[in-house]
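Working notes, structure below.
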Amino acid sequence: MERVAERVIRFDLAKTTIRELNQFLHRELPKLIASPAGSFGASAQHLPGIGTADEGLTIEVLHPNGQHSIAAGVDAPVTIEIRGHAGYFIAGMNKQAHVTVHGNVGWSVAENIMSGLVRVKGCASECAAASGHGGLVVIEGDASSRCGISMKGVEIVVGGSVGHMSAFMAQAGTLVVCGDAGANLGDSLYEATIYVRGRIASLGTDAREEPMQSDDYRKVADLLRRAGMSHAPEEFKRIASARTLYHWHEGASGHY
């Protein structure tokens, strides 16, 4: 760990371990944020919603080199900049923190996110933001299969395309796809909503296209603004649940 500026602490993973980084983020960082002025206490402010973290403490992570579980389980109002490609379960279970990966990530980035912001400047592998409960996840490139699987309230914006079975069993929240969507989009969808700008290979069971309403345009515009993307909301299609799987129907057993 190296303190390189008044509000910046740097970890170089070529010299230290993921365990040491995460132990600091879990144990020492909350105490540091709560400490009196002079130890970041005056500048590390609580972040309402997903507001900016510019006035708080920044943790800079160098040489991630595809390692896994970086910044997993963080519960603190802090900015974390991961400078390079990272592996599986990056920023998993995130709460409050604003995490940016300046590269690509492996499976399950931001899985089970509770709040805060996780942004990937590159592409993401399978299961991005799986089971996310809240917060915003932004993938600026493409996301592979099962993006947003079992989402429970998280908001996801993908600048590129998503793979097959994305938003499978999505229960609540919003997925915005600025590119194309792979096969079986929204299979077994519940109350989550999907917006797709490009081509949809196929819809999954119980997912259907519905007309865009004024609330949809407002929601898409707001999410695109927060994600830093400039597409027109009018270019998107709305996908939602037909709600035919909510109750068992003997004659439709082949669809379950």
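Labels used: A, B, ... for chains in the order of the structure tokens, numbers from 1 for residues in each chain, and numbers from 1 for ligands as shown.
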
Can you pull out every residue within 8 Å of Leu21 in chain A, counting only C-alpha atoms, but drop anything in the same chain fewer than 5 positions away, and send it as an MDAnalysis selection string?
chainID A and resid 11 16 70:71

Filtering to C-alpha atoms, could you give me those residues as a compact mmCIF listing (two decimals), in the first residue's frame?
```txt
# COMPACT_ATOMS: atom_id res chain seq x y z
CA PHE A 11 -2.02 -0.99 -4.32
CA THR A 16 1.11 -7.30 -2.92
CA ILE A 70 -10.48 -7.85 -6.73
CA ALA A 71 -12.48 -5.44 -4.55
```

Every residue of range 2-221 of chain A that DSSP places in strand (DSSP E or B), as an MDAnalysis selection string:
chainID A and resid 2:5 8:12 58:62 75 79:83 95 98:101 105 117:120 124 136:139 143 152:158 162 172:177 181 185 193:196 200 203 207:210

Go ahead and dump the residues you just picked, C-alpha atoms, as a PDB file, in the first residue's frame.
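As a result, out.pdb now contains:
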```pdb
ATOM      1  CA  GLU A   2       1.276   3.442  -0.955  1.00  0.00           C
ATOM      2  CA  ARG A   3      -0.288   6.793  -0.200  1.00  0.00           C
ATOM      3  CA  VAL A   4       0.448   8.755  -3.376  1.00  0.00           C
ATOM      4  CA  ALA A   5      -1.678  11.889  -2.864  1.00  0.00           C
ATOM      5  CA  VAL A   8      -5.267   8.522  -3.129  1.00  0.00           C
ATOM      6  CA  ILE A   9      -3.972   5.163  -1.867  1.00  0.00           C
ATOM      7  CA  ARG A  10      -2.328   2.800  -4.356  1.00  0.00           C
ATOM      8  CA  PHE A  11      -2.023  -0.987  -4.317  1.00  0.00           C
ATOM      9  CA  ASP A  12       0.306  -2.617  -6.831  1.00  0.00           C
ATOM     10  CA  THR A  58      -9.675   6.833  -4.151  1.00  0.00           C
ATOM     11  CA  ILE A  59      -8.053   3.406  -4.085  1.00  0.00           C
ATOM     12  CA  GLU A  60      -5.947   2.761  -7.176  1.00  0.00           C
ATOM     13  CA  VAL A  61      -5.162  -0.859  -8.095  1.00  0.00           C
ATOM     14  CA  LEU A  62      -2.278  -1.446 -10.490  1.00  0.00           C
ATOM     15  CA  ASP A  75     -19.015  -1.733   1.859  1.00  0.00           C
ATOM     16  CA  THR A  79     -13.756   5.204  -5.479  1.00  0.00           C
ATOM     17  CA  ILE A  80     -11.759   2.185  -6.707  1.00  0.00           C
ATOM     18  CA  GLU A  81      -9.855   2.381 -10.006  1.00  0.00           C
ATOM     19  CA  ILE A  82      -8.625  -0.988 -11.311  1.00  0.00           C
ATOM     20  CA  ARG A  83      -6.137  -0.190 -14.053  1.00  0.00           C
ATOM     21  CA  LYS A  95     -22.159  -1.795  -1.588  1.00  0.00           C
ATOM     22  CA  HIS A  98     -17.761   3.268  -7.213  1.00  0.00           C
ATOM     23  CA  VAL A  99     -15.546   0.722  -8.986  1.00  0.00           C
ATOM     24  CA  THR A 100     -14.116   1.232 -12.477  1.00  0.00           C
ATOM     25  CA  VAL A 101     -12.199  -1.445 -14.373  1.00  0.00           C
ATOM     26  CA  VAL A 105     -13.319  -8.677 -16.906  1.00  0.00           C
ATOM     27  CA  LEU A 117     -21.612   1.810  -9.299  1.00  0.00           C
ATOM     28  CA  VAL A 118     -19.485  -0.737 -11.159  1.00  0.00           C
ATOM     29  CA  ARG A 119     -18.208   0.319 -14.579  1.00  0.00           C
ATOM     30  CA  VAL A 120     -16.222  -1.847 -17.009  1.00  0.00           C
ATOM     31  CA  ALA A 124     -17.405  -8.638 -19.694  1.00  0.00           C
ATOM     32  CA  LEU A 136     -25.829   0.575 -11.486  1.00  0.00           C
ATOM     33  CA  VAL A 137     -23.566  -1.650 -13.589  1.00  0.00           C
ATOM     34  CA  VAL A 138     -22.177  -0.246 -16.850  1.00  0.00           C
ATOM     35  CA  ILE A 139     -20.407  -2.436 -19.399  1.00  0.00           C
ATOM     36  CA  ALA A 143     -21.276  -8.675 -22.307  1.00  0.00           C
ATOM     37  CA  LYS A 152     -33.316  -8.505  -8.355  1.00  0.00           C
ATOM     38  CA  GLY A 153     -33.341  -4.738  -8.730  1.00  0.00           C
ATOM     39  CA  VAL A 154     -29.994  -3.793 -10.284  1.00  0.00           C
ATOM     40  CA  GLU A 155     -29.854  -1.473 -13.290  1.00  0.00           C
ATOM     41  CA  ILE A 156     -27.515  -2.570 -16.105  1.00  0.00           C
ATOM     42  CA  VAL A 157     -26.451  -0.656 -19.190  1.00  0.00           C
ATOM     43  CA  VAL A 158     -24.432  -2.473 -21.875  1.00  0.00           C
ATOM     44  CA  VAL A 162     -25.227  -9.295 -24.891  1.00  0.00           C
ATOM     45  CA  ALA A 172     -36.709  -6.883 -10.854  1.00  0.00           C
ATOM     46  CA  GLY A 173     -34.591  -4.110 -12.302  1.00  0.00           C
ATOM     47  CA  THR A 174     -33.684  -2.903 -15.782  1.00  0.00           C
ATOM     48  CA  LEU A 175     -31.335  -4.099 -18.525  1.00  0.00           C
ATOM     49  CA  VAL A 176     -30.513  -1.653 -21.330  1.00  0.00           C
ATOM     50  CA  VAL A 177     -28.684  -3.125 -24.337  1.00  0.00           C
ATOM     51  CA  ALA A 181     -29.196  -9.435 -27.927  1.00  0.00           C
ATOM     52  CA  LEU A 185     -33.501 -13.068 -24.180  1.00  0.00           C
ATOM     53  CA  THR A 193     -37.747  -4.777 -17.979  1.00  0.00           C
ATOM     54  CA  ILE A 194     -35.332  -5.033 -20.914  1.00  0.00           C
ATOM     55  CA  TYR A 195     -34.662  -2.389 -23.547  1.00  0.00           C
ATOM     56  CA  VAL A 196     -32.759  -3.337 -26.709  1.00  0.00           C
ATOM     57  CA  ILE A 200     -32.865  -9.631 -30.928  1.00  0.00           C
ATOM     58  CA  LEU A 203     -37.045 -14.137 -27.021  1.00  0.00           C
ATOM     59  CA  ALA A 207     -40.865 -12.709 -22.762  1.00  0.00           C
ATOM     60  CA  ARG A 208     -42.603 -10.455 -25.269  1.00  0.00           C
ATOM     61  CA  GLU A 209     -42.123  -7.119 -26.987  1.00  0.00           C
ATOM     62  CA  GLU A 210     -44.455  -4.362 -25.803  1.00  0.00           C
TER      63      GLU A 210
END
```

Could you check which of A:Ile18, A:Leu25, A:Ala221, A:Ile113 is closest to Gly87 in chain A, using only C-alpha atoms?
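Looking at the shortest contact to Gly87 in chain A, the residue is A:Ile18.
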
Rounded to one decimal, what separation in Å do you get between CA of Thr205 in chain A and CA of Cys123 in chain A?
27.1 Å

When distances are computed from only C-alpha atoms, which of A:Ile90, A:Arg197, A:Gln171, A:Ser166 shows the smallest separation from His133 in chain A?
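Answer, going by the shortest atom-to-atom distance: A:Gln171.
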